[in-house]
$ cat model.txt   # compact mmCIF, N, CA, C and O atoms
# COMPACT_ATOMS: atom_id res chain seq x y z
N ILE P 1 91.55 95.77 115.48
CA ILE P 1 90.59 95.17 116.40
C ILE P 1 90.42 93.71 116.01
O ILE P 1 90.14 93.40 114.86
N ARG P 2 90.59 92.85 117.00
CA ARG P 2 90.53 91.42 116.74
C ARG P 2 89.28 90.78 117.33
O ARG P 2 89.20 89.57 117.50
N ASP P 3 88.27 91.57 117.60
CA ASP P 3 87.02 91.09 118.20
C ASP P 3 85.92 91.02 117.15
O ASP P 3 85.47 92.04 116.63
N ALA P 4 85.49 89.80 116.82
CA ALA P 4 84.47 89.62 115.79
C ALA P 4 83.15 90.29 116.17
O ALA P 4 82.43 90.78 115.29
N SER P 5 82.85 90.35 117.45
CA SER P 5 81.61 91.01 117.89
C SER P 5 81.62 92.50 117.53
O SER P 5 80.58 93.07 117.18
N TRP P 6 82.78 93.12 117.60
CA TRP P 6 82.90 94.53 117.23
C TRP P 6 82.55 94.72 115.75
O TRP P 6 81.84 95.65 115.39
N TYR P 7 83.06 93.83 114.89
CA TYR P 7 82.77 93.93 113.47
C TYR P 7 81.29 93.68 113.19
O TYR P 7 80.70 94.32 112.32
N ALA P 8 80.68 92.76 113.92
CA ALA P 8 79.24 92.51 113.76
C ALA P 8 78.46 93.77 114.12
O ALA P 8 77.55 94.18 113.39
N GLU P 9 78.83 94.39 115.23
CA GLU P 9 78.15 95.61 115.65
C GLU P 9 78.32 96.73 114.62
O GLU P 9 77.37 97.43 114.30
N GLN P 10 79.52 96.88 114.09
CA GLN P 10 79.78 97.92 113.09
C GLN P 10 78.99 97.67 111.80
O GLN P 10 78.66 98.61 111.09
N SER P 11 78.68 96.41 111.54
CA SER P 11 77.93 96.04 110.34
C SER P 11 76.42 95.98 110.60
O SER P 11 75.66 95.58 109.72
N ALA P 12 76.03 96.36 111.79
CA ALA P 12 74.62 96.34 112.20
C ALA P 12 74.02 94.96 111.99
O ALA P 12 72.92 94.80 111.45
N THR P 13 74.75 93.94 112.43
CA THR P 13 74.30 92.56 112.33
C THR P 13 74.67 91.83 113.61
O THR P 13 75.31 92.39 114.49
N THR P 14 74.29 90.59 113.68
CA THR P 14 74.65 89.79 114.86
C THR P 14 75.95 89.05 114.59
O THR P 14 76.35 88.86 113.44
N TYR P 15 76.56 88.59 115.66
CA TYR P 15 77.78 87.79 115.53
C TYR P 15 77.48 86.54 114.72
O TYR P 15 78.27 86.15 113.86
N LYS P 16 76.36 85.92 114.99
CA LYS P 16 75.98 84.69 114.30
C LYS P 16 75.84 84.92 112.80
O LYS P 16 76.32 84.13 111.99
N THR P 17 75.22 86.02 112.41
CA THR P 17 75.05 86.33 110.99
C THR P 17 76.39 86.63 110.34
O THR P 17 76.68 86.14 109.24
N LEU P 18 77.22 87.38 111.01
CA LEU P 18 78.56 87.68 110.48
C LEU P 18 79.35 86.39 110.30
O LEU P 18 80.00 86.19 109.27
N ASN P 19 79.28 85.52 111.27
CA ASN P 19 79.98 84.24 111.19
C ASN P 19 79.47 83.42 110.00
O ASN P 19 80.27 82.84 109.26
N HIS P 20 78.17 83.40 109.81
CA HIS P 20 77.57 82.66 108.71
C HIS P 20 78.04 83.22 107.36
O HIS P 20 78.43 82.46 106.46
N ILE P 21 78.04 84.51 107.22
CA ILE P 21 78.49 85.17 105.98
C ILE P 21 79.96 84.85 105.71
O ILE P 21 80.35 84.53 104.59
N CYS P 22 80.79 84.95 106.75
CA CYS P 22 82.21 84.66 106.60
C CYS P 22 82.44 83.21 106.18
O CYS P 22 83.26 82.93 105.30
N LYS P 23 81.69 82.30 106.79
CA LYS P 23 81.84 80.89 106.44
C LYS P 23 81.42 80.63 104.99
O LYS P 23 82.07 79.84 104.29
N LEU P 24 80.35 81.27 104.55
CA LEU P 24 79.91 81.10 103.16
C LEU P 24 80.96 81.62 102.18
O LEU P 24 81.22 81.01 101.15
N ALA P 25 81.55 82.75 102.51
CA ALA P 25 82.49 83.41 101.58
C ALA P 25 83.89 82.81 101.62
O ALA P 25 84.56 82.75 100.59
N THR P 26 84.34 82.38 102.79
CA THR P 26 85.75 82.00 102.94
C THR P 26 85.98 80.62 103.56
O THR P 26 87.13 80.19 103.65
N HIS P 27 84.92 80.00 104.05
CA HIS P 27 85.02 78.73 104.78
C HIS P 27 85.76 78.89 106.11
O HIS P 27 86.27 77.92 106.66
N LEU P 28 85.84 80.11 106.59
CA LEU P 28 86.45 80.41 107.89
C LEU P 28 85.43 81.15 108.74
O LEU P 28 84.61 81.91 108.22
N THR P 29 85.52 80.98 110.06
CA THR P 29 84.67 81.77 110.94
C THR P 29 85.18 83.22 110.92
O THR P 29 86.29 83.50 110.46
N ALA P 30 84.39 84.10 111.47
CA ALA P 30 84.79 85.51 111.53
C ALA P 30 86.10 85.64 112.31
O ALA P 30 87.01 86.35 111.89
N LYS P 31 86.21 84.94 113.43
CA LYS P 31 87.42 85.02 114.25
C LYS P 31 88.62 84.45 113.51
O LYS P 31 89.72 85.01 113.55
N GLN P 32 88.44 83.34 112.80
CA GLN P 32 89.53 82.76 112.02
C GLN P 32 89.99 83.72 110.93
O GLN P 32 91.18 83.85 110.67
N LEU P 33 89.06 84.40 110.33
CA LEU P 33 89.38 85.37 109.28
C LEU P 33 90.16 86.55 109.84
O LEU P 33 91.16 86.99 109.27
N ILE P 34 89.72 87.04 110.99
CA ILE P 34 90.41 88.14 111.66
C ILE P 34 91.82 87.71 112.05
O ILE P 34 92.79 88.45 111.83
N ASP P 35 91.95 86.51 112.60
CA ASP P 35 93.27 86.01 113.00
C ASP P 35 94.19 85.85 111.78
O ASP P 35 95.37 86.20 111.84
N ALA P 36 93.66 85.33 110.69
CA ALA P 36 94.47 85.15 109.48
C ALA P 36 94.97 86.50 108.97
O ALA P 36 96.15 86.65 108.62
N TYR P 37 94.10 87.50 108.95
CA TYR P 37 94.51 88.84 108.51
C TYR P 37 95.55 89.42 109.48
O TYR P 37 96.55 90.00 109.03
N THR P 38 95.33 89.25 110.76
CA THR P 38 96.26 89.79 111.76
C THR P 38 97.64 89.17 111.59
O THR P 38 98.65 89.89 111.62
N ILE P 39 97.70 87.87 111.39
CA ILE P 39 99.00 87.20 111.23
C ILE P 39 99.70 87.69 109.96
O ILE P 39 100.91 87.93 109.96
N ILE P 40 98.96 87.88 108.89
CA ILE P 40 99.56 88.41 107.66
C ILE P 40 100.14 89.80 107.91
O ILE P 40 101.25 90.10 107.49
N GLU P 41 99.41 90.63 108.62
CA GLU P 41 99.87 91.98 108.92
C GLU P 41 101.09 91.95 109.84
O GLU P 41 102.05 92.70 109.64
N VAL P 42 101.09 91.08 110.83
CA VAL P 42 102.23 90.95 111.73
C VAL P 42 103.47 90.52 110.94
O VAL P 42 104.55 91.09 111.09
N LYS P 43 103.31 89.52 110.09
CA LYS P 43 104.43 89.04 109.29
C LYS P 43 104.98 90.15 108.39
O LYS P 43 106.19 90.30 108.23
N ARG P 44 104.07 90.93 107.80
CA ARG P 44 104.50 92.04 106.94
C ARG P 44 105.33 93.04 107.75
O ARG P 44 106.42 93.44 107.32
N LEU P 45 104.82 93.41 108.92
CA LEU P 45 105.55 94.38 109.75
C LEU P 45 106.89 93.82 110.23
O LEU P 45 107.88 94.55 110.25
N LEU P 46 106.91 92.55 110.59
CA LEU P 46 108.16 91.95 111.03
C LEU P 46 109.19 91.90 109.90
O LEU P 46 110.38 92.08 110.13
N ALA P 47 108.72 91.67 108.69
CA ALA P 47 109.63 91.53 107.55
C ALA P 47 110.20 92.88 107.10
O ALA P 47 111.34 92.95 106.65
N ILE P 48 109.41 93.95 107.22
CA ILE P 48 109.86 95.24 106.68
C ILE P 48 110.33 96.22 107.74
O ILE P 48 110.96 97.22 107.42
N SER P 49 110.04 95.93 108.99
CA SER P 49 110.30 96.89 110.06
C SER P 49 111.53 96.51 110.87
O SER P 49 111.87 95.35 110.99
N LYS P 50 112.16 97.51 111.42
CA LYS P 50 113.25 97.28 112.36
C LYS P 50 112.74 97.41 113.79
O LYS P 50 113.51 97.29 114.74
N ASN P 51 111.43 97.64 113.93
CA ASN P 51 110.84 97.80 115.25
C ASN P 51 110.90 96.52 116.06
O ASN P 51 110.84 95.42 115.51
N ALA P 52 110.98 96.67 117.34
CA ALA P 52 110.99 95.54 118.26
C ALA P 52 109.58 94.97 118.39
O ALA P 52 108.60 95.63 118.04
N ASN P 53 109.50 93.75 118.90
CA ASN P 53 108.20 93.11 119.10
C ASN P 53 107.25 93.99 119.89
O ASN P 53 106.07 94.06 119.59
N GLN P 54 107.78 94.65 120.90
CA GLN P 54 106.94 95.48 121.77
C GLN P 54 106.28 96.61 120.98
O GLN P 54 105.11 96.88 121.16
N GLN P 55 107.01 97.24 120.09
CA GLN P 55 106.46 98.33 119.28
C GLN P 55 105.41 97.80 118.31
O GLN P 55 104.35 98.40 118.13
N ILE P 56 105.68 96.68 117.67
CA ILE P 56 104.72 96.10 116.73
C ILE P 56 103.47 95.66 117.48
O ILE P 56 102.35 95.86 117.01
N ALA P 57 103.65 95.07 118.66
CA ALA P 57 102.52 94.65 119.48
C ALA P 57 101.63 95.85 119.79
O ALA P 57 100.40 95.78 119.65
N TYR P 58 102.24 96.95 120.17
CA TYR P 58 101.50 98.17 120.49
C TYR P 58 100.76 98.69 119.25
O TYR P 58 99.60 99.05 119.32
N GLU P 59 101.44 98.71 118.10
CA GLU P 59 100.82 99.19 116.86
C GLU P 59 99.58 98.38 116.48
O GLU P 59 98.64 98.92 115.89
N LEU P 60 99.59 97.10 116.81
CA LEU P 60 98.48 96.22 116.42
C LEU P 60 97.45 96.03 117.53
O LEU P 60 96.56 95.21 117.41
N GLY P 61 97.59 96.78 118.61
CA GLY P 61 96.57 96.78 119.65
C GLY P 61 96.65 95.68 120.69
O GLY P 61 95.68 95.43 121.41
N PHE P 62 97.81 95.03 120.82
CA PHE P 62 97.98 94.03 121.87
C PHE P 62 98.26 94.74 123.18
O PHE P 62 98.91 95.78 123.20
N ASP P 63 97.77 94.16 124.27
CA ASP P 63 97.95 94.77 125.59
C ASP P 63 99.42 94.82 126.00
O ASP P 63 99.86 95.78 126.61
N ASP P 64 100.14 93.76 125.71
CA ASP P 64 101.57 93.75 126.02
C ASP P 64 102.29 92.80 125.07
O ASP P 64 101.67 92.01 124.36
N ALA P 65 103.59 92.89 125.08
CA ALA P 65 104.41 92.12 124.14
C ALA P 65 104.30 90.62 124.38
O ALA P 65 104.34 89.84 123.43
N SER P 66 104.13 90.21 125.63
CA SER P 66 104.05 88.77 125.90
C SER P 66 102.78 88.17 125.28
O SER P 66 102.83 87.05 124.75
N ASN P 67 101.66 88.89 125.33
CA ASN P 67 100.44 88.42 124.67
C ASN P 67 100.63 88.33 123.16
O ASN P 67 100.16 87.40 122.52
N PHE P 68 101.32 89.31 122.61
CA PHE P 68 101.62 89.33 121.18
C PHE P 68 102.46 88.11 120.78
O PHE P 68 102.14 87.43 119.81
N VAL P 69 103.50 87.83 121.54
CA VAL P 69 104.37 86.69 121.24
C VAL P 69 103.58 85.38 121.33
O VAL P 69 103.69 84.53 120.44
N LYS P 70 102.77 85.22 122.37
CA LYS P 70 101.97 84.01 122.53
C LYS P 70 100.98 83.86 121.36
O LYS P 70 100.81 82.76 120.83
N TYR P 71 100.33 84.94 120.98
CA TYR P 71 99.37 84.92 119.87
C TYR P 71 100.07 84.51 118.57
O TYR P 71 99.60 83.62 117.86
N PHE P 72 101.20 85.13 118.29
CA PHE P 72 101.93 84.83 117.06
C PHE P 72 102.40 83.37 117.06
O PHE P 72 102.23 82.67 116.06
N LYS P 73 102.93 82.93 118.17
CA LYS P 73 103.45 81.56 118.24
C LYS P 73 102.33 80.53 118.12
O LYS P 73 102.49 79.49 117.48
N ARG P 74 101.18 80.83 118.70
CA ARG P 74 100.03 79.92 118.61
C ARG P 74 99.58 79.75 117.15
O ARG P 74 99.19 78.67 116.74
N HIS P 75 99.69 80.81 116.37
CA HIS P 75 99.21 80.76 114.98
C HIS P 75 100.29 80.36 113.97
O HIS P 75 99.95 79.96 112.85
N THR P 76 101.55 80.46 114.34
CA THR P 76 102.62 80.18 113.36
C THR P 76 103.63 79.14 113.82
O THR P 76 104.47 78.73 113.03
N SER P 77 103.58 78.76 115.07
CA SER P 77 104.52 77.81 115.68
C SER P 77 105.95 78.34 115.76
O SER P 77 106.90 77.56 115.88
N GLU P 78 106.14 79.63 115.65
CA GLU P 78 107.46 80.23 115.87
C GLU P 78 107.30 81.60 116.50
O GLU P 78 106.23 82.20 116.44
N THR P 79 108.35 82.08 117.12
CA THR P 79 108.28 83.38 117.77
C THR P 79 108.42 84.48 116.72
O THR P 79 108.98 84.26 115.64
N PRO P 80 107.95 85.67 117.04
CA PRO P 80 108.12 86.79 116.11
C PRO P 80 109.59 87.07 115.82
O PRO P 80 109.96 87.37 114.68
N THR P 81 110.43 86.96 116.83
CA THR P 81 111.86 87.22 116.64
C THR P 81 112.47 86.22 115.66
O THR P 81 113.23 86.61 114.76
N HIS P 82 112.12 84.96 115.81
CA HIS P 82 112.64 83.93 114.89
C HIS P 82 112.14 84.20 113.47
O HIS P 82 112.91 84.12 112.51
N PHE P 83 110.86 84.53 113.34
CA PHE P 83 110.32 84.83 112.01
C PHE P 83 111.04 86.04 111.41
O PHE P 83 111.40 86.02 110.22
N GLN P 84 111.25 87.08 112.20
CA GLN P 84 111.89 88.29 111.70
C GLN P 84 113.31 88.00 111.23
O GLN P 84 113.72 88.47 110.17
N LYS P 85 114.05 87.21 111.98
CA LYS P 85 115.42 86.85 111.57
C LYS P 85 115.41 86.06 110.28
O LYS P 85 116.23 86.29 109.40
N ARG P 86 114.47 85.11 110.16
CA ARG P 86 114.36 84.31 108.93
C ARG P 86 113.97 85.17 107.74
O ARG P 86 114.49 85.02 106.65
N ALA P 87 113.04 86.09 107.96
CA ALA P 87 112.54 86.94 106.87
C ALA P 87 113.61 87.90 106.35
O ALA P 87 113.63 88.22 105.17
N LYS P 88 114.47 88.33 107.24
CA LYS P 88 115.50 89.28 106.84
C LYS P 88 116.79 88.58 106.40
O LYS P 88 117.72 89.22 105.92
N GLY P 89 116.79 87.24 106.58
CA GLY P 89 117.83 86.34 106.15
C GLY P 89 119.18 86.83 106.11
O GLY P 89 120.13 86.59 105.59

$ encode --input "model.txt" --output "structure tokens"
Amino acid sequence: IRDASWYAEQSATTYKTLNHICKLATHLTAKQLIDAYTIIEVKRLLAISKNANQQIAYELGFDDASNFVKYFKRHTSETPTHFQKRAKG
């Protein structure tokens, strides 16, 4: 789940409070922290898996593969396919 509001609700707190706590602990907003974790997980799956982007996108809760590719590229400046090829060298 990549929605910071969901995590705030699960923690019985407000989004604002969760954001404040995250900033104090990591200097990142809650959303930035979630995105950083998501990208690390995507990279791990791309590096160790033979699964296609579509399968990895589905495993991580993306609506479709194109949203997954756009998300990954926005955060890393490269496509998942390019990263996977580089990682498997």

$ atom_distance --input "model.txt" --atom1 "CA of Lys50 (chain P)" --atom2 "CA of Leu33 (chain P)"
26.9 Å

$ residues_around --input "model.txt" --residues "Gly61 (chain P)" --least-positions-apart "4" --cutoff "8 Å" --atoms "all atoms listed in the file" --output "NGL selection string"
:P and (1-2 or 54-57)

$ closest_residue --input "model.txt" --among "P:Ala25, P:Ala4, P:Ile40, P:Ala30" --to "His75 (chain P)" --atoms "only C-alpha atoms"
P:Ile40

$ closest_residue --input "model.txt" --among "P:Asn53, P:Gln84, P:Thr29, P:Ser5" --to "Val69 (chain P)" --atoms "only C-alpha atoms"
P:Asn53

$ atom_distance --input "model.txt" --atom1 "CA of Ala47 (chain P)" --atom2 "CA of Ala87 (chain P)"
5.5 Å

$ axis_aligned_box --input "model.txt" --around "region 44-53 of chain P" --padding-each-side "4 Å" --output "AutoDock Vina command-line options"
--center_x 108.8 --center_y 94.4 --center_z 113.3 --size_x 17.4 --size_y 14.9 --size_z 21.2

$ select_by_dssp --input "model.txt" --residues "region 5-87 of chain P" --states "alpha helix (DSSP H)" --output "JSON, numbers by chain"
{"P": [5, 6, 7, 8, 9, 10, 15, 16, 17, 18, 19, 20, 21, 22, 23, 24, 25, 26, 30, 31, 32, 33, 34, 35, 36, 37, 38, 39, 40, 41, 42, 43, 44, 45, 46, 47, 48, 53, 54, 55, 56, 57, 58, 59, 65, 66, 67, 68, 69, 70, 71, 72, 73, 74, 75, 76, 80, 81, 82, 83, 84, 85, 86, 87]}
